[in-house]
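As provided, run.cif (mmCIF, C-alpha atoms) reads as follows.
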data_data
loop_
_atom_site.label_atom_id
_atom_site.label_comp_id
_atom_site.auth_asym_id
_atom_site.auth_seq_id
_atom_site.Cartn_x
_atom_site.Cartn_y
_atom_site.Cartn_z
CA GLY A 849 48.12 33.99 1.09
CA GLU A 850 46.03 36.19 -1.18
CA ASN A 851 47.28 39.64 -2.18
CA VAL A 852 45.12 42.19 -3.99
CA GLU A 853 46.48 45.27 -5.74
CA GLN A 854 44.22 48.10 -6.84
CA HIS A 855 44.81 51.01 -9.24
CA PRO A 856 44.53 53.92 -9.46
CA SER A 857 44.51 55.24 -5.90
CA THR A 858 42.66 58.37 -7.02
CA LEU A 859 40.57 59.02 -10.10
CA SER A 860 39.01 62.31 -11.14
CA VAL A 861 36.48 62.41 -13.98
CA GLN A 862 33.91 64.80 -15.38
CA GLU A 863 30.25 64.00 -14.97
CA GLY A 864 29.13 61.76 -17.81
CA ASP A 865 32.57 60.24 -18.37
CA SER A 866 33.39 56.59 -17.72
CA ALA A 867 35.58 55.40 -14.85
CA VAL A 868 37.59 52.19 -14.70
CA ILE A 869 39.24 50.74 -11.62
CA LYS A 870 41.52 47.73 -11.93
CA CYS A 871 42.53 45.03 -9.49
CA THR A 872 44.86 42.07 -9.63
CA TYR A 873 44.93 39.10 -7.28
CA SER A 874 47.53 36.44 -6.60
CA ASP A 875 45.71 33.32 -5.39
CA SER A 876 44.22 31.23 -8.19
CA ALA A 877 41.95 29.59 -5.59
CA SER A 878 40.00 32.85 -5.12
CA ASN A 879 36.55 32.48 -6.63
CA TYR A 880 34.47 35.45 -5.43
CA PHE A 881 35.22 39.09 -6.22
CA PRO A 882 33.01 41.78 -4.67
CA TRP A 883 33.24 45.54 -5.09
CA TYR A 884 32.32 47.85 -2.23
CA LYS A 885 31.55 51.56 -2.30
CA GLN A 886 32.21 53.63 0.79
CA GLU A 887 30.85 57.14 0.97
CA LEU A 888 32.35 59.55 3.47
CA GLY A 889 31.46 58.53 7.01
CA LYS A 890 29.30 55.62 5.89
CA ARG A 891 29.66 51.85 5.84
CA PRO A 892 31.12 49.94 2.87
CA GLN A 893 28.26 48.76 0.68
CA LEU A 894 28.38 46.02 -1.92
CA ILE A 895 27.64 47.41 -5.36
CA ILE A 896 28.42 44.42 -7.57
CA ASP A 897 30.17 41.07 -7.35
CA ILE A 898 31.32 38.35 -9.70
CA ARG A 899 32.16 34.70 -9.28
CA SER A 900 34.93 32.87 -11.07
CA ASN A 901 32.59 30.97 -13.39
CA VAL A 902 31.50 34.23 -15.03
CA GLY A 903 33.55 36.62 -17.17
CA GLU A 904 31.37 39.70 -17.00
CA LYS A 905 28.41 41.02 -15.04
CA LYS A 906 26.46 44.22 -15.53
CA ASP A 907 23.99 46.14 -13.39
CA GLN A 908 22.72 49.34 -14.98
CA ARG A 909 25.70 51.74 -15.15
CA ILE A 910 28.07 49.38 -13.36
CA ALA A 911 29.88 46.40 -14.82
CA VAL A 912 32.63 44.09 -13.63
CA THR A 913 34.90 41.96 -15.77
CA LEU A 914 37.07 39.05 -14.67
CA ASN A 915 40.06 37.53 -16.42
CA LYS A 916 40.96 34.40 -14.46
CA THR A 917 43.98 33.59 -16.59
CA ALA A 918 45.58 36.95 -15.94
CA LYS A 919 44.10 37.23 -12.44
CA HIS A 920 42.63 40.64 -13.23
CA PHE A 921 39.21 42.09 -12.49
CA SER A 922 37.91 45.55 -13.19
CA LEU A 923 35.03 47.83 -12.28
CA HIS A 924 33.50 49.96 -15.01
CA ILE A 925 31.16 52.85 -14.27
CA THR A 926 29.53 54.57 -17.23
CA GLU A 927 27.81 57.96 -17.35
CA THR A 928 29.29 58.91 -13.99
CA GLN A 929 27.31 61.21 -11.70
CA PRO A 930 28.46 63.33 -8.74
CA GLU A 931 26.82 60.84 -6.36
CA ASP A 932 29.25 58.19 -7.62
CA SER A 933 32.00 60.06 -5.75
CA ALA A 934 33.28 57.72 -3.02
CA VAL A 935 36.05 55.29 -2.20
CA TYR A 936 35.75 51.99 -4.05
CA PHE A 937 37.32 48.77 -2.76
CA CYS A 938 37.82 45.56 -4.66
CA ALA A 939 38.20 42.30 -2.79
CA ALA A 940 38.92 38.66 -3.44
CA THR A 941 38.20 35.52 -1.48
CA GLY A 942 38.26 31.80 -1.77
CA PHE A 943 37.89 30.91 1.88
CA GLN A 944 35.34 33.41 3.24
CA LYS A 945 37.64 36.13 4.59
CA LEU A 946 37.79 39.07 2.18
CA VAL A 947 41.19 40.36 1.08
CA PHE A 948 40.81 43.99 0.01
CA GLY A 949 42.65 46.28 -2.31
CA THR A 950 43.87 49.62 -1.00
CA GLY A 951 40.88 51.54 -2.40
CA THR A 952 40.30 54.08 -5.16
CA ARG A 953 39.01 57.54 -4.36
CA LEU A 954 36.71 58.51 -7.24
CA LEU A 955 35.79 62.16 -7.66
CA VAL A 956 33.14 63.06 -10.21
CA SER A 957 33.00 66.76 -10.99
CA PRO A 958 29.77 68.33 -12.26
CA GLU B 1107 15.36 44.51 8.62
CA ALA B 1108 18.04 46.13 10.78
CA GLY B 1109 21.55 46.09 9.39
CA VAL B 1110 24.79 45.37 11.20
CA THR B 1111 25.23 47.76 14.10
CA GLN B 1112 28.39 48.70 15.98
CA PHE B 1113 28.99 50.51 19.22
CA PRO B 1114 30.52 52.95 19.93
CA SER B 1115 30.84 54.93 16.71
CA HIS B 1116 33.91 56.71 18.05
CA SER B 1117 36.30 56.03 20.91
CA VAL B 1118 39.24 58.10 22.04
CA ILE B 1119 41.48 56.51 24.66
CA GLU B 1120 44.99 56.89 25.96
CA LYS B 1121 47.77 54.43 25.35
CA GLY B 1122 47.62 51.64 27.89
CA GLN B 1123 43.87 51.82 28.42
CA THR B 1124 41.34 49.17 27.50
CA VAL B 1125 38.56 49.49 24.95
CA THR B 1126 35.77 47.10 24.05
CA LEU B 1127 33.98 47.32 20.73
CA ARG B 1128 30.65 45.68 20.11
CA CYS B 1129 29.03 44.34 16.96
CA ASP B 1130 25.47 43.16 16.48
CA PRO B 1131 25.14 41.21 13.23
CA ILE B 1132 22.03 40.87 11.13
CA SER B 1133 19.66 38.48 12.87
CA GLY B 1134 20.14 34.92 11.66
CA HIS B 1135 23.60 35.48 10.24
CA ASP B 1136 25.90 32.78 11.56
CA ASN B 1137 29.05 34.29 10.07
CA LEU B 1138 30.56 37.34 11.73
CA TYR B 1139 33.79 39.02 10.66
CA TRP B 1140 35.99 41.74 12.11
CA TYR B 1141 38.09 43.94 9.85
CA ARG B 1142 40.24 47.01 10.45
CA ARG B 1143 41.27 49.94 8.25
CA VAL B 1144 44.32 51.79 9.40
CA MET B 1145 44.92 55.35 8.15
CA GLY B 1146 44.13 55.24 4.44
CA LYS B 1147 45.33 51.70 3.91
CA GLU B 1148 43.37 48.64 2.88
CA ILE B 1149 40.66 47.06 4.97
CA LYS B 1150 42.35 44.11 6.68
CA PHE B 1151 40.76 40.94 7.99
CA LEU B 1152 41.06 40.25 11.71
CA LEU B 1153 38.92 37.21 12.41
CA HIS B 1154 35.86 35.18 11.52
CA PHE B 1155 33.25 33.53 13.75
CA VAL B 1156 30.81 30.86 12.73
CA LYS B 1157 28.18 31.06 15.43
CA GLU B 1158 30.20 31.14 18.65
CA SER B 1159 33.30 29.41 17.26
CA LYS B 1160 36.38 31.14 15.91
CA GLN B 1161 36.75 29.84 12.37
CA ASP B 1162 39.80 31.89 11.40
CA GLU B 1163 41.75 34.28 13.58
CA SER B 1164 44.80 34.54 11.37
CA GLY B 1165 44.48 38.32 11.08
CA MET B 1166 44.59 39.13 14.78
CA PRO B 1167 47.71 41.28 15.20
CA ASN B 1168 48.75 40.10 18.67
CA ASN B 1169 47.50 38.87 22.01
CA ARG B 1170 46.38 42.34 23.07
CA PHE B 1171 43.27 41.70 20.94
CA LEU B 1172 40.55 39.40 22.24
CA ALA B 1173 37.33 38.67 20.38
CA GLU B 1174 34.34 36.84 21.76
CA ARG B 1175 30.93 35.83 20.51
CA THR B 1176 29.22 34.17 23.42
CA GLY B 1177 25.92 32.57 22.47
CA GLY B 1178 26.58 33.14 18.79
CA THR B 1179 24.82 36.48 18.64
CA TYR B 1180 26.68 39.74 19.19
CA SER B 1181 30.46 39.93 19.31
CA THR B 1182 32.94 42.02 21.26
CA LEU B 1183 36.49 42.95 20.39
CA LYS B 1184 38.64 44.03 23.32
CA VAL B 1185 41.98 45.77 22.98
CA GLN B 1186 44.05 45.63 26.17
CA PRO B 1187 46.33 47.50 26.59
CA ALA B 1188 45.83 49.78 23.60
CA GLU B 1189 48.83 51.05 21.65
CA LEU B 1190 49.13 54.00 19.26
CA GLU B 1191 49.23 51.71 16.21
CA ASP B 1192 45.81 50.30 17.11
CA SER B 1193 44.16 53.49 15.91
CA GLY B 1194 41.89 52.98 12.93
CA VAL B 1195 38.37 52.11 11.93
CA TYR B 1196 37.14 48.70 13.05
CA PHE B 1197 34.44 47.18 10.90
CA CYS B 1198 32.20 44.26 11.61
CA ALA B 1199 30.46 42.32 8.85
CA SER B 1200 28.03 39.42 8.80
CA SER B 1201 26.83 36.95 6.23
CA GLN B 1202 24.25 34.24 6.10
CA GLY B 1203 26.49 31.48 4.77
CA GLY B 1204 29.94 30.90 3.40
CA GLY B 1205 30.62 32.60 0.07
CA ASN B 1206 27.70 34.99 0.41
CA GLU B 1207 27.61 38.77 0.50
CA GLN B 1208 29.09 40.28 3.63
CA PHE B 1209 27.10 43.17 5.08
CA PHE B 1210 29.20 45.75 6.84
CA GLY B 1211 28.49 47.80 9.92
CA PRO B 1212 29.23 51.54 10.10
CA GLY B 1213 32.50 50.95 11.90
CA THR B 1214 34.02 52.16 15.16
CA ARG B 1215 36.70 54.82 14.80
CA LEU B 1216 39.30 54.17 17.50
CA THR B 1217 41.86 56.81 18.32
CA VAL B 1218 44.66 55.95 20.74
CA LEU B 1219 46.53 58.98 22.06
#

Hey, can you dump this file as structure tokens for me?
Amino acid sequence: GENVEQHPSTLSVQEGDSAVIKCTYSDSASNYFPWYKQELGKRPQLIIDIRSNVGEKKDQRIAVTLNKTAKHFSLHITETQPEDSAVYFCAATGFQKLVFGTGTRLLVSP
Amino acid sequence: EAGVTQFPSHSVIEKGQTVTLRCDPISGHDNLYWYRRVMGKEIKFLLHFVKESKQDESGMPNNRFLAERTGGTYSTLKVQPAELEDSGVYFCASSQGGGNEQFFGPGTRLTVL
């Protein structure tokens, strides 16, 4: 079955810096890769997603890249703000159930 | 539009007791998923309903867990009898169709003492 690895587990940056979170997946049949943000005590919320027919997608300060050959996908956050502090989860799926990475705790210091 | 709701938000029970968690998906969403996050680890899939039918229950840990979705609306997840390792946050998610965004509920934090 699918296996997703996520790095780093924690990431501390200064406000205004960029943050990059990387994930790898194992199943070449996976074709949908969402990223969820979970703030403390709140529900996971989708912030961006990418499908396997696209290499890059951008939404304001957030971008995701996908390398199908290497089975890598990454989340890029530019001009980080304190409100970006949260746990970020990557996920992969080809058959509806989401397989998640272990999460990255991002801390943005003012 | 109301999002996915879950009840209760927290539950503390003793080992051997029974607990039932409830999930109300977004109206009109045929797909309903249960996931669980145990103590700082990844969010793990438990099972998937399409309407009232179990599409995939490969993630259910053992037969102490029973999920139902009678009538294809809300779903319940019963743990009987609960064990210490069942502690965690149980999330429900729903989606309109296969391959679409899954909307998560706020989760139920289950603590088994």

Please identify all polymer residues lying at most 7 Å from the point (34.7, 38.7, 15.2) (file coordinates), using all atoms listed in the file, and present the result as number ranges by chain. B: 1138-1140, 1153-1155, 1173-1174, 1181, 1183

Run through the PyMOL selection byres ((chain B) within 7 of (chain A)) on the given coordinates and return the selected residues as a PyMOL selection string. chain B and resi 1147-1151+1204-1205+1210-1213

If you take all atoms listed in the file and a cut-off of 8 Å, which residues of range 1167-1201 of chain B touch range 1117-1132 of chain B, and what are their nearest atom pairs and distances in Å to one decimal, in chain and number order, as a tab-separated table?
residue	atom	partner	partner_atom	distance
B:Thr1179	CA	B:Asp1130	CA	7.1
B:Tyr1180	CA	B:Asp1130	CA	4.5
B:Ser1181	CA	B:Cys1129	CA	5.2
B:Thr1182	CA	B:Arg1128	CA	4.5
B:Leu1183	CA	B:Leu1127	CA	5.1
B:Lys1184	CA	B:Thr1126	CA	4.3
B:Val1185	CA	B:Val1125	CA	5.4
B:Gln1186	CA	B:Thr1124	CA	4.7
B:Pro1187	CA	B:Gly1122	CA	4.5
B:Ala1188	CA	B:Gly1122	CA	5.0
B:Glu1189	CA	B:Lys1121	CA	5.1
B:Leu1190	CA	B:Lys1121	CA	6.3
B:Cys1198	CA	B:Cys1129	CA	6.2
B:Ala1199	CA	B:Pro1131	CA	7.0
B:Ser1200	CA	B:Pro1131	CA	5.6
B:Ser1201	CA	B:Ile1132	CA	7.9

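The space separating CA of Leu923 in chain A from CA of Arg1143 in chain B comes to 21.6 Å.
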
Name the closest residue to Leu955 in chain A among the candidates A:Glu850, A:Asp907, A:Glu927, A:Glu863; distances are taken between atoms, counting all atoms listed in the file.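 Selected residue with least distance to Leu955 in chain A: A:Glu863.
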
Point-to-point distance in Å for CA of Lys1157 in chain B and CA of Val1195 in chain B: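 Computed distance, CA of Val1195 in chain B to CA of Lys1157 in chain B, equals 23.6 Å.
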
Using CA of Gln1202 in chain B and CA of Ser878 in chain A as the two end points, give the distance in Å to one decimal.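 Between CA of Gln1202 in chain B and CA of Ser878 in chain A the gap is 19.4 Å.
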
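Taking only C-alpha atoms into account, Thr872 in chain A lies nearest to A:Ala940 out of the set A:Leu859, A:Ala940, A:Val935, A:Val902.
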
What would range 1194-1215 of chain B look like with N, CA and C atoms in place, written as a CSV table (one decimal), in the frame of the given file?
chain,number,residue,atom,x,y,z
B,1194,GLY,N,42.4,53.3,14.2
B,1194,GLY,CA,41.9,53.0,12.9
B,1194,GLY,C,40.4,52.8,13.0
B,1195,VAL,N,39.8,52.4,11.9
B,1195,VAL,CA,38.4,52.1,11.9
B,1195,VAL,C,38.2,50.6,11.9
B,1196,TYR,N,37.4,50.1,12.9
B,1196,TYR,CA,37.1,48.7,13.0
B,1196,TYR,C,35.7,48.4,12.5
B,1197,PHE,N,35.7,47.6,11.5
B,1197,PHE,CA,34.4,47.2,10.9
B,1197,PHE,C,34.1,45.8,11.3
B,1198,CYS,N,32.8,45.6,11.4
B,1198,CYS,CA,32.2,44.3,11.6
B,1198,CYS,C,31.3,44.0,10.4
B,1199,ALA,N,31.3,42.7,10.0
B,1199,ALA,CA,30.5,42.3,8.8
B,1199,ALA,C,29.8,41.0,9.2
B,1200,SER,N,28.7,40.7,8.6
B,1200,SER,CA,28.0,39.4,8.8
B,1200,SER,C,27.5,38.9,7.5
B,1201,SER,N,27.4,37.6,7.4
B,1201,SER,CA,26.8,37.0,6.2
B,1201,SER,C,26.0,35.7,6.7
B,1202,GLN,N,25.1,35.3,5.8
B,1202,GLN,CA,24.2,34.2,6.1
B,1202,GLN,C,25.0,32.9,6.0
B,1203,GLY,N,25.8,32.7,5.0
B,1203,GLY,CA,26.5,31.5,4.8
B,1203,GLY,C,27.8,31.7,4.1
B,1204,GLY,N,28.7,30.7,4.0
B,1204,GLY,CA,29.9,30.9,3.4
B,1204,GLY,C,29.8,31.3,1.9
B,1205,GLY,N,30.6,32.2,1.5
B,1205,GLY,CA,30.6,32.6,0.1
B,1205,GLY,C,29.6,33.6,-0.3
B,1206,ASN,N,28.7,34.0,0.7
B,1206,ASN,CA,27.7,35.0,0.4
B,1206,ASN,C,28.1,36.4,0.7
B,1207,GLU,N,27.3,37.4,0.3
B,1207,GLU,CA,27.6,38.8,0.5
B,1207,GLU,C,27.8,39.1,2.0
B,1208,GLN,N,28.8,39.8,2.3
B,1208,GLN,CA,29.1,40.3,3.6
B,1208,GLN,C,28.5,41.7,3.8
B,1209,PHE,N,27.7,41.9,4.8
B,1209,PHE,CA,27.1,43.2,5.1
B,1209,PHE,C,27.9,43.8,6.2
B,1210,PHE,N,28.3,45.1,5.9
B,1210,PHE,CA,29.2,45.8,6.8
B,1210,PHE,C,28.4,46.7,7.8
B,1211,GLY,N,29.0,46.8,9.0
B,1211,GLY,CA,28.5,47.8,9.9
B,1211,GLY,C,29.1,49.1,9.6
B,1212,PRO,N,28.7,50.2,10.4
B,1212,PRO,CA,29.2,51.5,10.1
B,1212,PRO,C,30.6,51.8,10.6
B,1213,GLY,N,31.1,50.8,11.4
B,1213,GLY,CA,32.5,51.0,11.9
B,1213,GLY,C,32.6,51.7,13.2
B,1214,THR,N,33.7,51.4,14.0
B,1214,THR,CA,34.0,52.2,15.2
B,1214,THR,C,35.4,52.8,14.9
B,1215,ARG,N,35.4,54.1,15.0
B,1215,ARG,CA,36.7,54.8,14.8
B,1215,ARG,C,37.4,54.9,16.2
